[in-house]
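The data block below is model.cif; it holds mmCIF, C-alpha atoms and all ligand atoms.
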data_start
#
loop_
_atom_site.label_atom_id
_atom_site.label_comp_id
_atom_site.auth_asym_id
_atom_site.auth_seq_id
_atom_site.Cartn_x
_atom_site.Cartn_y
_atom_site.Cartn_z
CA MET Z 1 30.36 -2.10 -20.91
CA SER Z 2 29.74 0.23 -23.86
CA THR Z 3 32.62 2.40 -25.03
CA PRO Z 4 31.98 6.15 -24.70
CA GLY Z 5 31.62 7.85 -28.06
CA THR Z 6 30.84 4.66 -29.98
CA SER Z 7 27.44 3.80 -28.57
CA THR Z 8 23.95 5.27 -28.78
CA PRO Z 9 22.89 7.62 -25.95
CA LEU Z 10 20.63 4.86 -24.56
CA ALA Z 11 23.30 2.17 -24.53
CA PHE Z 12 23.50 2.46 -20.75
CA VAL Z 13 20.05 0.86 -20.63
CA ASP Z 14 21.51 -2.38 -22.00
CA ASP Z 15 24.37 -2.17 -19.51
CA GLU Z 16 22.00 -1.62 -16.60
CA LEU Z 17 19.77 -4.50 -17.69
CA ALA Z 18 22.77 -6.79 -18.02
CA ALA Z 19 23.88 -5.78 -14.52
CA LEU Z 20 20.40 -6.45 -13.11
CA ARG Z 21 20.35 -9.88 -14.78
CA ALA Z 22 23.83 -10.69 -13.49
CA ARG Z 23 22.68 -9.89 -9.92
CA GLY Z 24 19.46 -11.90 -10.31
CA LEU Z 25 17.42 -8.70 -9.81
CA TYR Z 26 15.89 -8.39 -13.29
CA ARG Z 27 12.07 -8.46 -13.18
CA TRP Z 28 9.27 -8.63 -15.65
CA PRO Z 29 5.84 -9.12 -14.07
CA ARG Z 30 3.75 -12.20 -14.75
CA GLU Z 31 0.80 -11.63 -17.08
CA LEU Z 32 -2.74 -11.96 -15.73
CA ALA Z 33 -5.25 -13.34 -18.20
CA GLY Z 34 -8.80 -12.33 -17.38
CA GLU Z 35 -9.92 -10.77 -14.14
CA GLN Z 36 -8.18 -10.23 -10.81
CA ALA Z 37 -9.51 -13.07 -8.62
CA PRO Z 38 -8.52 -15.34 -5.70
CA VAL Z 39 -7.77 -18.11 -8.19
CA CYS Z 40 -6.77 -16.93 -11.64
CA VAL Z 41 -4.46 -17.50 -14.59
CA TYR Z 42 -0.99 -15.92 -14.66
CA ASP Z 43 1.46 -16.79 -17.45
CA GLY Z 44 -0.97 -19.45 -18.61
CA ARG Z 45 -1.03 -21.27 -15.24
CA ARG Z 46 -4.04 -21.48 -12.92
CA VAL Z 47 -2.86 -20.51 -9.44
CA VAL Z 48 -4.13 -19.54 -6.00
CA ASN Z 49 -3.35 -15.83 -6.05
CA LEU Z 50 -1.66 -14.61 -2.86
CA CYS Z 51 -0.21 -11.47 -4.44
CA SER Z 52 -3.00 -8.96 -4.87
CA ASN Z 53 -4.08 -6.09 -2.61
CA ASN Z 54 -7.68 -6.88 -3.53
CA TYR Z 55 -8.32 -7.39 0.20
CA LEU Z 56 -12.09 -7.58 0.12
CA GLY Z 57 -12.33 -9.37 -3.21
CA LEU Z 58 -14.19 -6.45 -4.82
CA ALA Z 59 -12.17 -6.17 -8.06
CA ASN Z 60 -14.78 -8.10 -10.00
CA HIS Z 61 -17.83 -7.52 -7.80
CA ALA Z 62 -21.09 -7.20 -9.76
CA ARG Z 63 -22.15 -3.99 -7.99
CA LEU Z 64 -18.85 -2.25 -8.71
CA LYS Z 65 -18.93 -3.27 -12.36
CA GLU Z 66 -22.50 -2.03 -12.68
CA ALA Z 67 -21.60 1.29 -11.01
CA ALA Z 68 -18.73 1.79 -13.49
CA ARG Z 69 -20.97 0.99 -16.47
CA ARG Z 70 -23.70 3.34 -15.26
CA ALA Z 71 -21.21 6.18 -14.70
CA ILE Z 72 -19.91 5.80 -18.24
CA ASP Z 73 -23.45 6.08 -19.58
CA VAL Z 74 -24.23 9.15 -17.49
CA TYR Z 75 -20.90 11.02 -17.32
CA GLY Z 76 -18.78 9.64 -20.18
CA VAL Z 77 -15.32 8.14 -19.94
CA GLY Z 78 -13.08 11.05 -18.99
CA SER Z 79 -13.05 14.16 -16.83
CA GLY Z 80 -11.49 16.20 -19.60
CA ALA Z 81 -9.04 18.22 -17.53
CA VAL Z 82 -6.92 18.70 -14.48
CA ARG Z 83 -9.04 18.97 -11.35
CA THR Z 84 -8.16 22.61 -10.76
CA ILE Z 85 -9.00 23.66 -14.32
CA ALA Z 86 -12.20 22.01 -15.58
CA GLY Z 87 -12.01 18.42 -14.34
CA ASN Z 88 -13.69 18.83 -10.94
CA MET Z 89 -16.75 16.61 -11.49
CA ALA Z 90 -19.68 16.39 -9.11
CA ILE Z 91 -19.01 12.68 -8.61
CA HIS Z 92 -15.45 13.44 -7.39
CA GLN Z 93 -16.89 15.73 -4.75
CA ILE Z 94 -19.59 13.27 -3.73
CA LEU Z 95 -16.89 10.64 -3.22
CA GLU Z 96 -14.81 13.08 -1.16
CA ARG Z 97 -17.71 13.83 1.15
CA ARG Z 98 -18.36 10.11 1.61
CA LEU Z 99 -14.67 9.39 2.28
CA ALA Z 100 -14.48 12.20 4.84
CA ALA Z 101 -17.53 10.81 6.63
CA PHE Z 102 -16.01 7.31 6.53
CA LYS Z 103 -12.71 8.54 7.97
CA ARG Z 104 -14.52 10.74 10.53
CA THR Z 105 -12.77 13.87 9.29
CA GLU Z 106 -14.02 17.27 8.23
CA ALA Z 107 -12.96 16.85 4.60
CA ALA Z 108 -11.18 14.63 2.10
CA LEU Z 109 -9.34 15.24 -1.15
CA LEU Z 110 -9.00 12.79 -4.02
CA TYR Z 111 -5.75 12.19 -5.84
CA GLN Z 112 -5.11 10.05 -8.90
CA SER Z 113 -3.32 7.41 -6.84
CA GLY Z 114 -2.08 6.64 -3.35
CA PHE Z 115 1.40 7.39 -4.64
CA THR Z 116 0.50 10.92 -5.72
CA ALA Z 117 -1.48 11.44 -2.49
CA ASN Z 118 1.63 10.79 -0.41
CA ALA Z 119 4.22 12.41 -2.65
CA GLY Z 120 2.03 15.39 -3.59
CA THR Z 121 0.96 16.11 -0.03
CA VAL Z 122 4.39 15.93 1.58
CA ALA Z 123 5.92 18.05 -1.19
CA ALA Z 124 3.15 20.65 -0.84
CA LEU Z 125 3.44 20.91 2.94
CA LEU Z 126 7.21 21.15 3.33
CA GLY Z 127 10.08 23.17 1.92
CA LYS Z 128 13.79 23.54 2.50
CA ASP Z 129 13.36 25.20 5.90
CA ASP Z 130 11.43 22.22 7.23
CA VAL Z 131 12.17 18.77 8.64
CA VAL Z 132 10.48 15.46 8.02
CA VAL Z 133 10.87 12.67 10.55
CA SER Z 134 10.15 9.34 8.85
CA ASP Z 135 10.19 5.60 9.68
CA GLU Z 136 12.94 3.81 7.73
CA LEU Z 137 10.41 1.37 6.22
CA ASN Z 138 7.97 4.00 4.95
CA HIS Z 139 6.64 3.54 1.43
CA ALA Z 140 8.55 4.81 -1.62
CA SER Z 141 5.85 7.43 -2.30
CA ILE Z 142 6.58 9.01 1.09
CA ILE Z 143 10.31 8.88 0.44
CA ASP Z 144 9.84 10.53 -2.95
CA GLY Z 145 7.58 13.20 -1.43
CA CYS Z 146 10.26 13.95 1.16
CA ARG Z 147 12.90 14.23 -1.57
CA LEU Z 148 10.70 16.47 -3.72
CA SER Z 149 9.95 18.77 -0.81
CA GLY Z 150 13.62 19.65 -0.25
CA ALA Z 151 13.05 19.35 3.52
CA GLU Z 152 15.76 17.93 5.75
CA ARG Z 153 15.11 14.20 6.27
CA LYS Z 154 15.57 12.48 9.60
CA ILE Z 155 14.99 8.75 9.32
CA PHE Z 156 14.40 6.72 12.47
CA PRO Z 157 14.87 2.92 12.75
CA HIS Z 158 11.67 0.97 12.22
CA LYS Z 159 9.10 1.71 14.96
CA ASP Z 160 11.84 3.04 17.28
CA ILE Z 161 10.01 5.63 19.39
CA ALA Z 162 13.09 6.74 21.34
CA ALA Z 163 14.91 7.40 18.06
CA ALA Z 164 11.90 9.28 16.66
CA ARG Z 165 11.97 11.46 19.79
CA ARG Z 166 15.67 12.21 19.24
CA CYS Z 167 14.93 13.21 15.64
CA LEU Z 168 12.17 15.55 16.84
CA GLU Z 169 14.49 17.08 19.44
CA GLU Z 170 17.08 17.73 16.73
CA ALA Z 171 14.37 19.30 14.56
CA ARG Z 172 13.49 21.97 17.13
CA GLY Z 173 13.66 25.42 15.54
CA ALA Z 174 12.66 24.24 12.06
CA ARG Z 175 9.82 26.17 10.43
CA ARG Z 176 7.62 23.05 10.18
CA VAL Z 177 8.11 19.47 11.27
CA LEU Z 178 6.23 16.48 9.82
CA LEU Z 179 6.21 13.11 11.59
CA ILE Z 180 5.18 10.46 9.06
CA THR Z 181 4.60 6.72 9.13
CA ASP Z 182 2.91 3.96 7.21
CA GLY Z 183 -0.08 2.65 9.19
CA VAL Z 184 0.52 -0.92 8.01
CA PHE Z 185 4.00 -1.59 6.61
CA SER Z 186 3.60 -3.07 3.17
CA MET Z 187 6.44 -5.59 3.20
CA ASP Z 188 6.16 -6.80 6.82
CA GLY Z 189 2.46 -6.42 7.62
CA ASP Z 190 3.11 -4.91 11.04
CA LEU Z 191 1.32 -1.87 12.51
CA ALA Z 192 2.89 1.50 13.27
CA PRO Z 193 3.07 2.50 16.95
CA LEU Z 194 0.59 5.24 16.13
CA PRO Z 195 -0.51 6.15 19.69
CA GLN Z 196 3.08 6.81 20.79
CA LEU Z 197 3.94 8.67 17.58
CA THR Z 198 0.82 10.82 17.89
CA THR Z 199 1.73 11.71 21.47
CA LEU Z 200 5.24 12.63 20.34
CA ALA Z 201 3.90 14.78 17.50
CA ARG Z 202 1.68 16.63 19.99
CA GLU Z 203 4.57 17.17 22.41
CA PHE Z 204 6.83 18.61 19.71
CA GLY Z 205 4.16 20.50 17.76
CA ALA Z 206 4.80 18.34 14.69
CA ILE Z 207 2.24 17.53 12.00
CA MET Z 208 1.21 13.85 12.29
CA MET Z 209 0.61 12.02 9.01
CA VAL Z 210 -0.21 8.34 8.50
CA ASP Z 211 -0.34 6.41 5.24
CA ASP Z 212 -3.18 3.94 5.68
CA ALA Z 213 -2.97 2.46 2.18
CA HIS Z 214 -3.02 -1.10 3.55
CA ALA Z 215 -5.21 -0.29 6.56
CA SER Z 216 -8.22 1.38 4.94
CA GLY Z 217 -10.99 -1.17 4.53
CA VAL Z 218 -8.86 -3.67 6.44
CA VAL Z 219 -7.91 -2.48 9.95
CA GLY Z 220 -10.31 -1.18 12.60
CA ALA Z 221 -13.75 -2.54 13.49
CA ALA Z 222 -15.38 -0.77 10.51
CA GLY Z 223 -12.26 -0.73 8.33
CA ARG Z 224 -11.55 2.96 8.91
CA GLY Z 225 -7.85 2.23 9.39
CA THR Z 226 -5.21 2.45 12.08
CA VAL Z 227 -6.72 5.66 13.48
CA GLU Z 228 -9.89 3.73 14.27
CA HIS Z 229 -7.96 0.66 15.46
CA PHE Z 230 -6.04 2.72 18.03
CA GLY Z 231 -8.97 4.99 18.94
CA LEU Z 232 -7.21 8.11 17.64
CA HIS Z 233 -10.01 9.87 15.76
CA GLY Z 234 -9.35 13.62 15.80
CA LYS Z 235 -5.71 13.18 16.86
CA VAL Z 236 -3.97 12.52 13.56
CA ASP Z 237 -3.67 15.57 11.29
CA ILE Z 238 -3.42 13.80 7.94
CA GLN Z 239 -4.64 10.36 6.92
CA VAL Z 240 -3.83 9.02 3.47
CA GLY Z 241 -5.84 6.19 1.98
CA THR Z 242 -5.88 4.39 -1.34
CA LEU Z 243 -8.74 3.27 -3.54
CA SER Z 244 -6.47 0.74 -5.26
CA LYS Z 245 -6.37 -1.90 -2.55
CA ALA Z 246 -9.48 -2.75 -0.45
CA TRP Z 247 -11.47 -0.42 -2.76
CA ALA Z 248 -10.26 -2.51 -5.71
CA CYS Z 249 -10.09 0.28 -8.28
CA LEU Z 250 -7.69 3.24 -8.41
CA GLY Z 251 -6.88 6.43 -6.58
CA GLY Z 252 -5.73 7.94 -3.34
CA TYR Z 253 -7.02 10.51 -0.93
CA VAL Z 254 -6.12 12.68 2.00
CA ALA Z 255 -8.57 12.95 4.91
CA GLY Z 256 -8.18 15.82 7.36
CA SER Z 257 -9.38 19.33 8.07
CA ARG Z 258 -11.17 21.55 5.58
CA PRO Z 259 -8.35 24.13 5.49
CA LEU Z 260 -5.81 21.34 4.84
CA VAL Z 261 -7.86 20.14 1.86
CA GLU Z 262 -8.24 23.69 0.51
CA PHE Z 263 -4.49 24.26 0.92
CA LEU Z 264 -3.67 21.05 -0.95
CA MET Z 265 -6.15 21.80 -3.74
CA ASN Z 266 -4.18 25.01 -4.30
CA ARG Z 267 -0.68 23.64 -3.79
CA ALA Z 268 -0.41 19.91 -4.46
CA ARG Z 269 1.18 19.50 -7.88
CA PRO Z 270 -0.63 16.27 -8.88
CA LEU Z 271 -3.89 18.21 -8.53
CA LEU Z 272 -2.57 21.23 -10.41
CA PHE Z 273 -0.84 19.43 -13.26
CA SER Z 274 -2.42 16.02 -13.84
CA THR Z 275 -5.92 15.06 -15.01
CA SER Z 276 -8.49 13.84 -12.51
CA HIS Z 277 -10.05 10.38 -12.44
CA PRO Z 278 -12.47 9.19 -15.05
CA PRO Z 279 -15.95 9.39 -13.47
CA SER Z 280 -16.31 5.58 -13.67
CA VAL Z 281 -13.42 5.24 -11.21
CA ALA Z 282 -15.11 7.55 -8.72
CA ALA Z 283 -18.40 5.66 -9.18
CA THR Z 284 -16.64 2.34 -8.61
CA ALA Z 285 -15.05 3.69 -5.43
CA LEU Z 286 -18.44 4.90 -4.21
CA ALA Z 287 -19.93 1.45 -4.81
CA ALA Z 288 -17.04 -0.14 -2.90
CA LEU Z 289 -17.59 2.26 -0.01
CA ASP Z 290 -21.30 1.36 0.03
CA LEU Z 291 -20.38 -2.31 0.33
CA ILE Z 292 -17.75 -1.71 3.02
CA GLU Z 293 -20.27 0.27 5.07
CA GLU Z 294 -23.16 -2.15 4.50
CA ALA Z 295 -21.32 -5.42 4.92
CA PRO Z 296 -18.85 -5.55 7.81
CA ASP Z 297 -18.84 -9.35 7.34
CA LEU Z 298 -16.55 -8.75 4.34
CA ILE Z 299 -13.85 -7.44 6.68
CA ALA Z 300 -14.59 -10.22 9.18
CA ARG Z 301 -14.10 -12.81 6.42
CA LEU Z 302 -10.78 -11.22 5.46
CA TRP Z 303 -9.57 -11.54 9.05
CA ASP Z 304 -10.90 -15.11 9.41
CA ASN Z 305 -8.92 -16.06 6.32
CA THR Z 306 -5.89 -14.18 7.61
CA ARG Z 307 -5.92 -16.04 10.95
CA TYR Z 308 -6.43 -19.40 9.24
CA PHE Z 309 -3.58 -18.87 6.77
CA LYS Z 310 -1.13 -17.26 9.20
CA THR Z 311 -1.72 -20.00 11.77
CA GLY Z 312 -1.30 -22.63 9.06
CA LEU Z 313 2.04 -21.19 7.94
CA GLY Z 314 3.22 -21.07 11.57
CA GLU Z 315 2.19 -24.70 12.17
CA LEU Z 316 4.14 -25.74 9.09
CA GLY Z 317 7.21 -24.19 10.71
CA PHE Z 318 7.55 -21.01 8.62
CA ASP Z 319 8.72 -17.74 10.16
CA THR Z 320 6.08 -15.08 9.40
CA GLY Z 321 8.03 -12.21 10.92
CA ALA Z 322 6.22 -9.46 12.79
CA SER Z 323 3.04 -9.52 10.71
CA GLU Z 324 -0.23 -8.46 12.39
CA THR Z 325 -2.36 -8.07 9.26
CA PRO Z 326 -3.32 -9.94 6.07
CA ILE Z 327 0.15 -9.14 4.68
CA THR Z 328 2.06 -12.21 5.83
CA PRO Z 329 5.69 -12.59 4.77
CA VAL Z 330 7.39 -15.97 4.80
CA MET Z 331 10.86 -14.94 5.91
CA ILE Z 332 13.61 -16.74 4.00
CA GLY Z 333 16.71 -14.52 4.33
CA ASP Z 334 18.77 -15.55 1.32
CA GLU Z 335 17.73 -13.71 -1.84
CA SER Z 336 18.10 -16.43 -4.43
CA GLU Z 337 16.46 -18.95 -2.08
CA ALA Z 338 13.42 -16.66 -1.68
CA MET Z 339 13.14 -16.24 -5.45
CA ARG Z 340 13.50 -20.00 -5.97
CA PHE Z 341 10.80 -20.68 -3.34
CA SER Z 342 8.45 -18.27 -5.12
CA ASP Z 343 9.16 -19.89 -8.51
CA ARG Z 344 8.65 -23.41 -7.15
CA LEU Z 345 5.38 -22.37 -5.49
CA PHE Z 346 4.18 -20.95 -8.78
CA GLU Z 347 4.98 -24.17 -10.63
CA ALA Z 348 2.97 -26.03 -7.98
CA GLY Z 349 -0.06 -23.69 -8.28
CA VAL Z 350 0.49 -20.86 -5.77
CA PHE Z 351 1.41 -17.31 -6.75
CA ALA Z 352 3.30 -15.57 -3.92
CA LEU Z 353 5.89 -12.98 -4.78
CA GLY Z 354 9.55 -13.25 -3.85
CA ILE Z 355 10.81 -9.93 -2.47
CA ALA Z 356 14.49 -9.11 -2.13
CA TYR Z 357 16.92 -6.21 -1.90
CA PRO Z 358 16.48 -3.31 -2.65
CA THR Z 359 12.75 -3.56 -1.76
CA VAL Z 360 13.70 -5.07 1.62
CA PRO Z 361 17.10 -4.98 3.37
CA ARG Z 362 19.80 -7.47 2.32
CA GLY Z 363 19.51 -10.81 4.10
CA LYS Z 364 15.79 -10.27 4.73
CA ALA Z 365 14.42 -11.67 1.50
CA ARG Z 366 10.99 -13.18 1.78
CA VAL Z 367 7.99 -14.50 -0.05
CA ARG Z 368 5.07 -12.19 0.64
CA THR Z 369 1.53 -13.53 0.87
CA ILE Z 370 -1.75 -11.63 1.08
CA VAL Z 371 -5.04 -13.47 1.50
CA THR Z 372 -8.35 -11.84 0.61
CA ALA Z 373 -11.95 -12.13 1.76
CA GLY Z 374 -12.62 -13.84 -1.58
CA HIS Z 375 -10.44 -16.90 -0.94
CA THR Z 376 -12.34 -20.01 0.07
CA ARG Z 377 -11.06 -22.35 2.76
CA ASP Z 378 -10.30 -24.85 0.00
CA ASP Z 379 -8.14 -22.28 -1.83
CA LEU Z 380 -6.18 -21.55 1.34
CA ALA Z 381 -5.90 -25.21 2.39
CA GLN Z 382 -4.52 -26.00 -1.06
CA ALA Z 383 -2.06 -23.08 -0.80
CA LEU Z 384 -0.88 -24.28 2.64
CA ASP Z 385 -0.46 -27.80 1.33
CA VAL Z 386 1.70 -26.54 -1.56
CA CYS Z 387 3.74 -24.24 0.74
CA GLY Z 388 4.41 -27.18 3.07
CA ARG Z 389 5.36 -29.58 0.28
CA VAL Z 390 7.70 -27.13 -1.50
CA GLY Z 391 9.11 -25.85 1.80
CA ARG Z 392 10.04 -29.40 2.84
CA GLU Z 393 11.52 -30.21 -0.58
CA MET Z 394 13.69 -27.11 -0.33
CA ARG Z 395 14.52 -27.89 3.32
CA LEU Z 396 13.16 -24.51 4.45
CA ILE Z 397 11.07 -26.39 7.00
CA ARG Z 398 11.18 -29.93 8.35
C1 LIG A 1 2.09 1.78 1.94
C2 LIG A 1 1.69 2.21 0.56
N1 LIG A 1 1.39 3.51 0.36
C3 LIG A 1 1.04 3.96 -0.86
C4 LIG A 1 0.96 3.10 -1.94
C5 LIG A 1 0.57 3.66 -3.27
O1 LIG A 1 -0.76 3.43 -3.51
P1 LIG A 1 -1.34 3.36 -5.00
O2 LIG A 1 -1.05 1.98 -5.51
O3 LIG A 1 -2.78 3.63 -4.82
O4 LIG A 1 -0.64 4.40 -5.78
C6 LIG A 1 1.26 1.74 -1.76
C7 LIG A 1 1.23 0.75 -2.83
O5 LIG A 1 0.92 0.60 -3.83
C8 LIG A 1 1.63 1.29 -0.49
O6 LIG A 1 1.93 0.00 -0.29
#

As a first step, turn the structure in this file into structure tokens.
Ligand SMILES: Cc1ncc(COP(=O)(O)O)c(C=O)c1O
Amino acid sequence: MSTPGTSTPLAFVDDELAALRARGLYRWPRELAGEQAPVCVYDGRRVVNLCSNNYLGLANHARLKEAARRAIDVYGVGSGAVRTIAGNMAIHQILERRLAAFKRTEAALLYQSGFTANAGTVAALLGKDDVVVSDELNHASIIDGCRLSGAERKIFPHKDIAAARRCLEEARGARRVLLITDGVFSMDGDLAPLPQLTTLAREFGAIMMVDDAHASGVVGAAGRGTVEHFGLHGKVDIQVGTLSKAWACLGGYVAGSRPLVEFLMNRARPLLFSTSHPPSVAATALAALDLIEEAPDLIARLWDNTRYFKTGLGELGFDTGASETPITPVMIGDESEAMRFSDRLFEAGVFALGIAYPTVPRGKARVRTIVTAGHTRDDLAQALDVCGRVGREMRLIR
């Protein structure tokens, strides 16, 4: 430890880093050389990549690259300002209209990221006289939005409808109540019980909000998300999506009613105080949306690969938890064992991230895998072979 009065004001940074290293929690991400792809080079090693959210394999698609190049030629490289000042470009609005149509809502509003869409929206909607009722495994951007809002937080155990009901009962009398859930939970790959939550929200007059970051372009027959999957169009007040995952570029959005969008444009701080997307990002997202709408076989291929890989892991004897989507965790439990499994996989040619506390609860460490539509059967067969071999060597499976 540094001695007070004798160290620089940032000496605590060294102390914190030393503590992280001592607990085996220090991280520095692996470096990707070249493009994001199903098989690519990280830290100088060619690996099957099971870590990206590039669900549909669009990150290096020729049509998206061409759209970005064309937008730079036509509109330049930057929007020049915050959206609400002078950075509201026509292409942003075109994308919003297309996203609203895709999500079957009246309107949509772009944010710079999925993170700011969640945090900015929750913080704009709620204040200290309000209550937010939130699943314990909701994404950090929702948690931060709840904190920023100053609203009272009531957290219910994961997917526990009875507990959510109790929270809503306790919230009676608050000025506003928001019931919020991830659509697909990012560390477990399971789906929210959205029909039951939506019914509860109706019963208690709460606003229903779902974060479909991992569901948009992935879940539902046309990839419209959990609202489509559960047949809930028109019943969920606020849907958040990202453009950073299946859309393979960057950004987030809220889809909902026109008044909601107008309210957020006037109140959400990321829109009031942070510059809007470069036009090439909006053009890339439009090209991705074209492909998603034109080629449903992309989503079908993602799910084919998901079934193949998930079944393969199960047959090898791995526990894949409660996953129902392309996010498939290999549950390990012990934290250092999960990290060692991830490292050994990497050495053998498979990149799958070890995830431990505090990202997931203690004792629930895992190696998370995500397949994409871009993986070939050979890529996935090779990955399964490596998982099996390393798993047996480490006595995780027999
Ligand atoms: C569930 C969930 N919501 C929101 C986000 C944030 O999205 P973005 O990366 O577009 O900021 C993520 C992850 O990145 C996520 O996993």

| said: Set the distance at 10 Å and use all atoms listed in the file: which residues neighbour range 132-141 of chain Z once local chain neighbours fewer than 5 positions away are removed? I'd like the list as a ChimeraX atom specification. | reply: /Z:114-120,122,126-127,146-147,149-161,163-168,171,174,176-188,192,206-211,213,359-361

Which centre and which edge lengths, in Å to one decimal, describe the axis-aligned box that holds all listed atoms of range 355-359 of chain Z after 4 Å is added on each side, as AutoDock Vina command-line options?
--center_x 13.9 --center_y -6.6 --center_z -2.2 --size_x 14.1 --size_y 14.6 --size_z 8.9

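CA of Asp378 in chain Z sits 20.5 Å away from CA of Ser342 in chain Z.
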
| query | Can you tell me, as a list in words, what residues are no more than 12 Å from Gly314 in chain Z when counting all atoms listed in the file, ignoring any on the same chain fewer than 2 positions away? | reply |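 Within the cut-off, the hits are Arg307, Tyr308, Phe309, Lys310, Thr311, Gly312, Leu316, Gly317, Phe318, Asp319, Thr320, Gly321, Ser323, Thr328, Pro329, Val330, Met331, Leu384, Cys387, Gly388 and Ile397 of chain Z.
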
| List as an MDAnalysis selection string: which residues have an atom within 7 Å of (-8.5, -4.5, -3.2), counting all atoms listed in the file? | chainID Z and resid 53:59 244:248

| message | as a VMD selection string, please: the residues near Val386 in chain Z (cut-off 12 Å, only C-alpha atoms, same-chain neighbours under 2 positions excluded). | response | chain Z and resid 47 to 48 312 to 313 316 341 to 342 344 to 352 379 to 384 388 to 393

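The nearest approach to ligand LIG 1 (chain A) among the residues Z:Val367, Z:Leu110, Z:Ala283, Z:Ile299, with all atoms listed in the file taken into account, belongs to Z:Leu110.
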
| message | as a VMD selection string, please: the residues near Gly217 in chain Z (cut-off 10 Å, only C-alpha atoms, same-chain neighbours under 3 positions excluded). | response | chain Z and resid 55 to 56 212 to 214 220 to 225 241 to 243 245 to 247 288 to 289 292 to 293 296 298 to 299

| message | Could you check the closest approach to ligand LIG 1 (chain A) for each of Z:Leu250, Z:Val39, Z:Val131, Z:Leu191 and tell me which residue wins, using only C-alpha atoms and all ligand atoms? | response |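 Selected residue with least distance to ligand LIG 1 (chain A): Z:Leu250.
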
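For the pair CA of Val261 in chain Z and CA of Val281 in chain Z, the separation is 20.6 Å.
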
| message | Considering all atoms listed in the file, can you say which of Z:Gln36, Z:Thr325, Z:Ser280, Z:Thr84 comes closest to Arg69 in chain Z? | response | Z:Ser280
